[in-house]
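K.L.:
For reference, this is target_26.pdb, and it has PDB, C-alpha atoms.
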ATOM      1  CA  MET F 263     -15.503  38.600   7.090
ATOM      2  CA  SER F 264     -16.779  35.064   6.640
ATOM      3  CA  SER F 265     -14.826  31.969   7.567
ATOM      4  CA  ASP F 266     -13.885  29.406   4.946
ATOM      5  CA  SER F 267     -16.153  26.413   5.554
ATOM      6  CA  ARG F 268     -14.901  24.366   2.637
ATOM      7  CA  PRO F 269     -13.949  20.805   3.626
ATOM      8  CA  THR F 270     -10.269  19.937   3.839
ATOM      9  CA  PRO F 271      -9.284  18.067   0.681
ATOM     10  CA  ILE F 272      -8.393  14.398   1.107
ATOM     11  CA  PRO F 273      -4.725  13.719   0.331
ATOM     12  CA  THR F 274      -4.185  11.837  -2.926
ATOM     13  CA  TYR F 275      -2.279   9.087  -1.158
ATOM     14  CA  LEU F 276      -5.216   8.465   1.180
ATOM     15  CA  GLU F 277      -7.626   8.274  -1.752
ATOM     16  CA  THR F 278      -5.402   5.681  -3.450
ATOM     17  CA  LEU F 279      -5.032   3.516  -0.359
ATOM     18  CA  SER F 280      -8.726   3.788   0.505
ATOM     19  CA  HIS F 281      -9.551   2.736  -3.068
ATOM     20  CA  ALA F 282      -7.278  -0.293  -2.744
ATOM     21  CA  VAL F 283      -8.883  -1.331   0.555
ATOM     22  CA  ALA F 284     -12.394  -0.820  -0.837
ATOM     23  CA  ALA F 285     -11.528  -3.170  -3.707
ATOM     24  CA  PHE F 286     -10.530  -5.811  -1.172
ATOM     25  CA  ARG F 287     -13.743  -5.421   0.801
ATOM     26  CA  GLU F 288     -15.874  -5.689  -2.323
ATOM     27  CA  GLY F 289     -14.401  -9.082  -3.134
ATOM     28  CA  GLY F 290     -12.700  -8.244  -6.397
ATOM     29  CA  ASP F 291     -15.691  -6.579  -8.073
ATOM     30  CA  ARG F 292     -13.820  -3.291  -8.097
ATOM     31  CA  PRO F 293     -10.501  -2.748  -9.933
ATOM     32  CA  ARG F 294      -7.481  -2.189  -7.697
ATOM     33  CA  PRO F 295      -4.887   0.562  -8.090
ATOM     34  CA  SER F 296      -1.622  -0.596  -9.624
ATOM     35  CA  THR F 297       1.001  -1.910  -7.209
ATOM     36  CA  GLN F 298       3.276   0.995  -8.139
ATOM     37  CA  ALA F 299       0.507   3.476  -7.275
ATOM     38  CA  VAL F 300       0.076   1.814  -3.869
ATOM     39  CA  VAL F 301       3.824   1.903  -3.147
ATOM     40  CA  ASP F 302       3.884   5.581  -4.102
ATOM     41  CA  ALA F 303       0.889   6.289  -1.847
ATOM     42  CA  LEU F 304       2.511   4.466   1.081
ATOM     43  CA  LEU F 305       5.727   6.430   0.720
ATOM     44  CA  GLN F 306       3.780   9.696   0.557
ATOM     45  CA  ALA F 307       1.808   8.741   3.678
ATOM     46  CA  GLU F 308       5.014   7.865   5.500
ATOM     47  CA  LYS F 309       6.575  11.193   4.537
ATOM     48  CA  ALA F 310       3.465  13.140   5.611
ATOM     49  CA  ALA F 311       3.369  11.414   9.013
ATOM     50  CA  ARG F 312       7.018  12.264   9.572
ATOM     51  CA  GLN F 313       6.722  15.893   8.478
ATOM     52  CA  GLN F 314       3.477  16.539  10.368
ATOM     53  CA  HIS F 315       4.541  14.585  13.478
ATOM     54  CA  ILE F 316       1.308  12.586  13.358
ATOM     55  CA  THR F 317       0.787  10.275  16.348
ATOM     56  CA  TYR F 318      -1.732   7.510  16.901
ATOM     57  CA  PRO F 319      -3.087   6.076  20.178
ATOM     58  CA  PHE F 320      -2.538   2.409  20.939
ATOM     59  CA  ALA F 321      -6.313   1.935  21.165
ATOM     60  CA  ALA F 322      -6.586   2.566  17.408
ATOM     61  CA  LEU F 323      -4.480  -0.536  16.727
ATOM     62  CA  ILE F 324      -6.438  -2.955  18.896
ATOM     63  CA  GLY F 325      -8.108  -5.744  16.933
ATOM     64  CA  GLN F 326      -7.355  -8.223  14.179
ATOM     65  CA  TRP F 327      -5.952  -7.204  10.814
ATOM     66  CA  ARG F 328      -5.369  -9.104   7.572
ATOM     67  CA  LEU F 329      -2.211  -8.539   5.544
ATOM     68  CA  TYR F 330      -3.240  -7.117   2.184
ATOM     69  CA  PHE F 331      -0.216  -5.507   0.559
ATOM     70  CA  THR F 332       3.514  -5.609   1.128
ATOM     71  CA  ALA F 333       6.695  -4.134  -0.325
ATOM     72  CA  PRO F 334      10.346  -4.917   0.442
ATOM     73  CA  ARG F 335      12.847  -2.547   2.034
ATOM     74  CA  SER F 336      13.884  -1.332  -1.419
ATOM     75  CA  ALA F 337      10.699   0.773  -1.475
ATOM     76  CA  HIS F 338      11.787   4.341  -0.774
ATOM     77  CA  GLN F 339      11.786   7.830  -2.221
ATOM     78  CA  LYS F 340      14.798   9.189  -4.058
ATOM     79  CA  SER F 341      14.768  12.854  -5.026
ATOM     80  CA  GLY F 342      10.997  12.851  -4.541
ATOM     81  CA  VAL F 343      10.479   9.867  -6.842
ATOM     82  CA  SER F 344       9.143   6.544  -5.545
ATOM     83  CA  GLN F 345      11.438   3.569  -5.976
ATOM     84  CA  GLY F 346      10.785  -0.140  -5.474
ATOM     85  CA  ARG F 347       7.942  -2.552  -6.102
ATOM     86  CA  GLY F 348       5.218  -4.193  -4.047
ATOM     87  CA  TRP F 349       2.487  -6.769  -4.420
ATOM     88  CA  TYR F 350      -0.996  -7.652  -3.235
ATOM     89  CA  VAL F 351      -1.096 -10.718  -1.001
ATOM     90  CA  PRO F 352      -3.027 -13.547  -2.739
ATOM     91  CA  GLN F 353      -6.462 -14.285  -1.301
ATOM     92  CA  PHE F 354      -5.556 -17.927  -0.677
ATOM     93  CA  ALA F 355      -2.636 -16.944   1.585
ATOM     94  CA  LEU F 356      -4.319 -15.782   4.784
ATOM     95  CA  ALA F 357      -1.920 -13.821   7.001
ATOM     96  CA  GLN F 358      -3.319 -11.994  10.019
ATOM     97  CA  ILE F 359      -1.900  -9.913  12.832
ATOM     98  CA  SER F 360      -3.656  -8.947  16.056
ATOM     99  CA  PHE F 361      -3.044  -6.533  18.921
ATOM    100  CA  LEU F 362      -4.619  -7.010  22.332
ATOM    101  CA  ALA F 363      -4.265  -4.558  25.212
ATOM    102  CA  GLU F 364      -3.235  -5.748  28.638
ATOM    103  CA  GLU F 365      -5.772  -4.735  31.265
ATOM    104  CA  GLY F 366      -4.442  -2.145  33.674
ATOM    105  CA  GLU F 367      -1.288  -1.491  31.649
ATOM    106  CA  VAL F 368      -0.865   1.511  29.365
ATOM    107  CA  GLY F 369       0.670   0.695  25.986
ATOM    108  CA  ALA F 370       1.261  -2.959  26.819
ATOM    109  CA  GLY F 371      -0.358  -6.109  25.517
ATOM    110  CA  THR F 372      -0.047  -9.134  23.282
ATOM    111  CA  ILE F 373       0.727  -9.463  19.600
ATOM    112  CA  GLY F 374      -0.431 -12.411  17.522
ATOM    113  CA  ASN F 375       0.567 -13.369  14.009
ATOM    114  CA  GLN F 376      -0.798 -16.286  12.025
ATOM    115  CA  ILE F 377      -0.407 -17.653   8.510
ATOM    116  CA  GLU F 378      -2.922 -20.078   7.046
ATOM    117  CA  PHE F 379      -2.224 -21.855   3.783
ATOM    118  CA  GLY F 380      -4.774 -24.507   2.922
ATOM    119  CA  SER F 381      -4.853 -27.004   5.789
ATOM    120  CA  ILE F 382      -1.627 -25.658   7.356
ATOM    121  CA  LEU F 383      -1.793 -23.110  10.182
ATOM    122  CA  PHE F 384       1.165 -21.465  11.921
ATOM    123  CA  LYS F 385       0.661 -19.067  14.842
ATOM    124  CA  LEU F 386       3.039 -16.853  16.806
ATOM    125  CA  GLN F 387       2.317 -14.868  19.953
ATOM    126  CA  GLY F 388       4.216 -12.704  22.408
ATOM    127  CA  PRO F 389       4.355  -9.446  24.363
ATOM    128  CA  LEU F 390       4.222  -5.971  22.865
ATOM    129  CA  LYS F 391       4.732  -2.440  24.053
ATOM    130  CA  TYR F 392       3.725   0.853  22.525
ATOM    131  CA  PRO F 393       5.385   3.729  24.408
ATOM    132  CA  GLY F 394       3.763   6.320  22.161
ATOM    133  CA  LYS F 395       6.952   7.721  20.658
ATOM    134  CA  LYS F 396       7.156   7.857  16.860
ATOM    135  CA  ASN F 397       4.273   5.349  16.655
ATOM    136  CA  LEU F 398       6.721   2.508  17.308
ATOM    137  CA  LEU F 399       5.309  -0.817  18.480
ATOM    138  CA  GLY F 400       7.965  -3.171  19.833
ATOM    139  CA  PHE F 401       7.276  -6.871  20.211
ATOM    140  CA  ASP F 402       8.769 -10.319  20.654
ATOM    141  CA  PHE F 403       7.300 -13.620  19.535
ATOM    142  CA  THR F 404       7.816 -16.144  22.317
ATOM    143  CA  GLN F 405       5.134 -18.804  21.712
ATOM    144  CA  ALA F 406       4.327 -20.811  18.592
ATOM    145  CA  GLU F 407       1.684 -23.240  17.410
ATOM    146  CA  PHE F 408       1.725 -25.404  14.292
ATOM    147  CA  SER F 409      -1.199 -27.488  13.069
ATOM    148  CA  ILE F 410      -2.314 -29.440   9.984
ATOM    149  CA  LEU F 411      -5.926 -30.335   9.212
ATOM    150  CA  GLY F 412      -6.937 -28.938  12.605
ATOM    151  CA  LYS F 413      -4.541 -31.214  14.484
ATOM    152  CA  THR F 414      -1.948 -29.418  16.626
ATOM    153  CA  LEU F 415       1.529 -30.822  16.041
ATOM    154  CA  TYR F 416       3.427 -28.317  18.178
ATOM    155  CA  ARG F 417       2.525 -25.754  20.815
ATOM    156  CA  GLY F 418       5.216 -24.205  22.994
ATOM    157  CA  LYS F 419       8.147 -21.829  23.159
ATOM    158  CA  PHE F 420       9.352 -20.087  20.045
ATOM    159  CA  GLN F 421      13.111 -20.600  20.093
ATOM    160  CA  THR F 422      14.302 -17.306  18.639
ATOM    161  CA  GLY F 423      12.368 -15.364  21.281
ATOM    162  CA  LYS F 424      13.629 -17.387  24.244
ATOM    163  CA  THR F 425      16.440 -15.050  25.311
ATOM    164  CA  ARG F 426      14.740 -11.743  24.579
ATOM    165  CA  GLN F 427      11.652 -12.687  26.574
ATOM    166  CA  GLN F 428      13.607 -12.431  29.832
ATOM    167  CA  ASN F 429      14.631  -8.824  29.139
ATOM    168  CA  PHE F 430      11.662  -7.628  27.119
ATOM    169  CA  GLU F 431      10.424  -5.124  29.709
ATOM    170  CA  GLN F 432      13.860  -3.533  30.043
ATOM    171  CA  SER F 433      14.701  -3.475  26.343
ATOM    172  CA  PRO F 434      14.082  -0.207  24.440
ATOM    173  CA  VAL F 435      11.860  -0.532  21.384
ATOM    174  CA  SER F 436      14.835   0.292  19.145
ATOM    175  CA  LYS F 437      16.465  -2.978  20.234
ATOM    176  CA  LEU F 438      13.373  -5.096  19.532
ATOM    177  CA  PRO F 439      11.544  -6.127  16.372
ATOM    178  CA  PHE F 440       9.120  -3.271  15.728
ATOM    179  CA  PHE F 441       6.556  -1.707  13.419
ATOM    180  CA  ALA F 442       6.635   2.038  12.763
ATOM    181  CA  PHE F 443       3.018   2.932  11.982
ATOM    182  CA  PHE F 444       2.526   5.958   9.751
ATOM    183  CA  LEU F 445      -1.149   5.602   8.805
ATOM    184  CA  VAL F 446      -3.911   4.288  11.046
ATOM    185  CA  THR F 447      -7.584   4.419  10.065
ATOM    186  CA  GLU F 448     -10.713   2.589  11.108
ATOM    187  CA  ASN F 449     -10.439   0.163   8.180
ATOM    188  CA  PHE F 450      -6.715  -0.264   7.580
ATOM    189  CA  ILE F 451      -3.269   0.396   9.018
ATOM    190  CA  ALA F 452       0.130   0.830   7.381
ATOM    191  CA  ALA F 453       3.626   0.516   8.787
ATOM    192  CA  ARG F 454       7.287  -0.035   8.009
ATOM    193  CA  GLY F 455       8.957  -2.876   9.861
ATOM    194  CA  ARG F 456      12.388  -2.830  11.424
ATOM    195  CA  GLY F 457      13.667  -4.791   8.428
ATOM    196  CA  GLY F 458      12.552  -1.944   6.154
ATOM    197  CA  GLY F 459       9.538  -3.523   4.480
ATOM    198  CA  LEU F 460       6.178  -1.790   4.069
ATOM    199  CA  ALA F 461       2.776  -3.347   4.704
ATOM    200  CA  ILE F 462      -0.956  -2.632   4.708
ATOM    201  CA  TRP F 463      -3.304  -4.603   6.935
ATOM    202  CA  VAL F 464      -7.080  -4.465   6.559
ATOM    203  CA  ARG F 465      -9.371  -4.851   9.542
ATOM    204  CA  GLY F 466     -11.023  -8.223   9.466
TER
END
Is it possible to express this structure as structure tokens?

P.N.:
Amino acid sequence: MSSDSRPTPIPTYLETLSHAVAAFREGGDRPRPSTQAVVDALLQAEKAARQQHITYPFAALIGQWRLYFTAPRSAHQKSGVSQGRGWYVPQFALAQISFLAEEGEVGAGTIGNQIEFGSILFKLQGPLKYPGKKNLLGFDFTQAEFSILGKTLYRGKFQTGKTRQQNFEQSPVSKLPFFAFFLVTENFIAARGRGGGLAIWVRG
């Protein structure tokens, strides 16, 4: 009796998302899937991760990622049908997120988020923790930097994170802002935020 050596088929949702990311990397020379197709693929990936109890190590998130696609909290599945809309982030609006591990600490580190629009740059930074349960990454932005034409106008505490910073270590992830990652690959990651929105970031 011979074993079946046929390769495992790639899920349709992964093909769609990989196609979308490839289009980004090729600089627009390749047509992108429709926004509705991407939303549908994200919802399928989220459902698969939940049903299969897929988990990802914190190490797979380390690095810098560029926001590529987003959808509001209205994106969900109803009776197996995808609902809601999404959109590709314009090339001129550069939004990046980064995750850095803290040496000697498991599942702890720093999160950075920056938005660059023309000559305007806004950065946020703060602690993160990734306990490994349900692929939840909790964080708190506590520092901010704002600059125009390369000149820093403000660098210091981020007001809304002032109180939480004191109790960050003791706070459970469910009480913090968080991302629930449901698809992590070498080239892109996808998650749903605490506010309910969906997003794809491409490594860059």

K.L.:
Taking the file as shown, what set of residues would the PyMOL selection byres ((chain F and resi 296-309) around 10) give back, as a PyMOL selection string?

P.N.:
chain F and resi 273-279+281-282+293-295+310-316+331-333+337-339+342-350+442-445+452-454+460-462

K.L.:
Could you spell out the hits of the PyMOL selection byres ((chain F and resi 457) around 10) on the shown file, as a VMD selection string?

P.N.:
chain F and resid 334 to 335 439 to 441 454 to 456 458 to 460

K.L.:
Listing only residues of segment 300-349 of chain F within 9 Å of segment 397-403 of chain F, what is the closest atom pair and its distance in Å (to one decimal) for each, using all atoms listed in the file, sorted by chain and residue number ascending, as CSV?

P.N.:
residue,atom,partner,partner_atom,distance
F:Ile316,CA,F:Asn397,CA,8.5
F:Thr317,CA,F:Asn397,CA,6.0
F:Tyr318,CA,F:Asn397,CA,6.4
F:Pro319,CA,F:Asn397,CA,8.2
F:Phe320,CA,F:Asn397,CA,8.6

K.L.:
Find the residues near Gly466 of chain F: any atom within 8 Å, counting only C-alpha atoms, skip ones fewer than 4 places away on the same chain, and give them as number ranges by chain.

P.N.:
F: 326-328

K.L.:
If you measure from atom CA of Gly325 of chain F to atom CA of Asp291 of chain F, what distance in Å do you get, rounded to one decimal?

P.N.:
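Atom CA of Gly325 of chain F sits 26.1 Å away from atom CA of Asp291 of chain F.
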
K.L.:
For a test of reading the model, state the distance in Å between atom CA of Gly374 of chain F and atom CA of Glu407 of chain F, rounded to one decimal.

P.N.:
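Interatomic distance here is 11.0 Å.
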
K.L.:
Given the file shown, enumerate the residues that the PyMOL selection byres ((chain F and resi 355-368) around 10) captures and present them as a PyMOL selection string.

P.N.:
chain F and resi 320-330+351-354+369-380+383-387+389-394+463-466

K.L.:
Keeping only C-alpha atoms, write those residues as a PDB file, in the frame of the given file.

P.N.:
ATOM      1  CA  PHE F 320      -2.538   2.409  20.939  1.00  0.00           C
ATOM      2  CA  ALA F 321      -6.313   1.935  21.165  1.00  0.00           C
ATOM      3  CA  ALA F 322      -6.586   2.566  17.408  1.00  0.00           C
ATOM      4  CA  LEU F 323      -4.480  -0.536  16.727  1.00  0.00           C
ATOM      5  CA  ILE F 324      -6.438  -2.955  18.896  1.00  0.00           C
ATOM      6  CA  GLY F 325      -8.108  -5.744  16.933  1.00  0.00           C
ATOM      7  CA  GLN F 326      -7.355  -8.223  14.179  1.00  0.00           C
ATOM      8  CA  TRP F 327      -5.952  -7.204  10.814  1.00  0.00           C
ATOM      9  CA  ARG F 328      -5.369  -9.104   7.572  1.00  0.00           C
ATOM     10  CA  LEU F 329      -2.211  -8.539   5.544  1.00  0.00           C
ATOM     11  CA  TYR F 330      -3.240  -7.117   2.184  1.00  0.00           C
ATOM     12  CA  VAL F 351      -1.096 -10.718  -1.001  1.00  0.00           C
ATOM     13  CA  PRO F 352      -3.027 -13.547  -2.739  1.00  0.00           C
ATOM     14  CA  GLN F 353      -6.462 -14.285  -1.301  1.00  0.00           C
ATOM     15  CA  PHE F 354      -5.556 -17.927  -0.677  1.00  0.00           C
ATOM     16  CA  GLY F 369       0.670   0.695  25.986  1.00  0.00           C
ATOM     17  CA  ALA F 370       1.261  -2.959  26.819  1.00  0.00           C
ATOM     18  CA  GLY F 371      -0.358  -6.109  25.517  1.00  0.00           C
ATOM     19  CA  THR F 372      -0.047  -9.134  23.282  1.00  0.00           C
ATOM     20  CA  ILE F 373       0.727  -9.463  19.600  1.00  0.00           C
ATOM     21  CA  GLY F 374      -0.431 -12.411  17.522  1.00  0.00           C
ATOM     22  CA  ASN F 375       0.567 -13.369  14.009  1.00  0.00           C
ATOM     23  CA  GLN F 376      -0.798 -16.286  12.025  1.00  0.00           C
ATOM     24  CA  ILE F 377      -0.407 -17.653   8.510  1.00  0.00           C
ATOM     25  CA  GLU F 378      -2.922 -20.078   7.046  1.00  0.00           C
ATOM     26  CA  PHE F 379      -2.224 -21.855   3.783  1.00  0.00           C
ATOM     27  CA  GLY F 380      -4.774 -24.507   2.922  1.00  0.00           C
ATOM     28  CA  LEU F 383      -1.793 -23.110  10.182  1.00  0.00           C
ATOM     29  CA  PHE F 384       1.165 -21.465  11.921  1.00  0.00           C
ATOM     30  CA  LYS F 385       0.661 -19.067  14.842  1.00  0.00           C
ATOM     31  CA  LEU F 386       3.039 -16.853  16.806  1.00  0.00           C
ATOM     32  CA  GLN F 387       2.317 -14.868  19.953  1.00  0.00           C
ATOM     33  CA  PRO F 389       4.355  -9.446  24.363  1.00  0.00           C
ATOM     34  CA  LEU F 390       4.222  -5.971  22.865  1.00  0.00           C
ATOM     35  CA  LYS F 391       4.732  -2.440  24.053  1.00  0.00           C
ATOM     36  CA  TYR F 392       3.725   0.853  22.525  1.00  0.00           C
ATOM     37  CA  PRO F 393       5.385   3.729  24.408  1.00  0.00           C
ATOM     38  CA  GLY F 394       3.763   6.320  22.161  1.00  0.00           C
ATOM     39  CA  TRP F 463      -3.304  -4.603   6.935  1.00  0.00           C
ATOM     40  CA  VAL F 464      -7.080  -4.465   6.559  1.00  0.00           C
ATOM     41  CA  ARG F 465      -9.371  -4.851   9.542  1.00  0.00           C
ATOM     42  CA  GLY F 466     -11.023  -8.223   9.466  1.00  0.00           C
TER      43      GLY F 466
END

K.L.:
Which residue out of F:Ile272, F:Ile451, F:Val435, F:Val446 has the minimum interatomic distance to Lys395 of chain F when all atoms listed in the file are used?

P.N.:
F:Val435

K.L.:
Measuring atom to atom with only C-alpha atoms, identify which of F:Pro271, F:Leu415, F:Ser280, F:Asn429 is nearest to Phe450 of chain F.

P.N.:
F:Ser280

K.L.:
Report, in Å with one decimal, the straight-line distance from atom CA of Lys413 of chain F to atom CA of Gly388 of chain F.

P.N.:
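Between these atoms lies a distance of 22.0 Å.
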
K.L.:
Might I get the box with edges along x, y and z of the file that holds all atoms of segment 347-358 of chain F listed there, padded by 4 Å on every side, given as centre and edge lengths in Å to one decimal, as lines of an AutoDock Vina configuration file?

P.N.:
center_x = 0.7
center_y = -10.2
center_z = 2.0
size_x = 22.4
size_y = 23.4
size_z = 24.1

K.L.:
Could you please give me, as a list of chain:residue names, the residues of protein, DNA or RNA lying at most 9 Å from (-4.7, -30.0, 8.6) in the coordinate frame of the file, considering only C-alpha atoms?

P.N.:
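Residues with an atom at most 9 Å from (-4.7, -30.0, 8.6): F:Gly380, F:Ser381, F:Ile382, F:Leu383, F:Ser409, F:Ile410, F:Leu411, F:Gly412, F:Lys413, F:Thr414.
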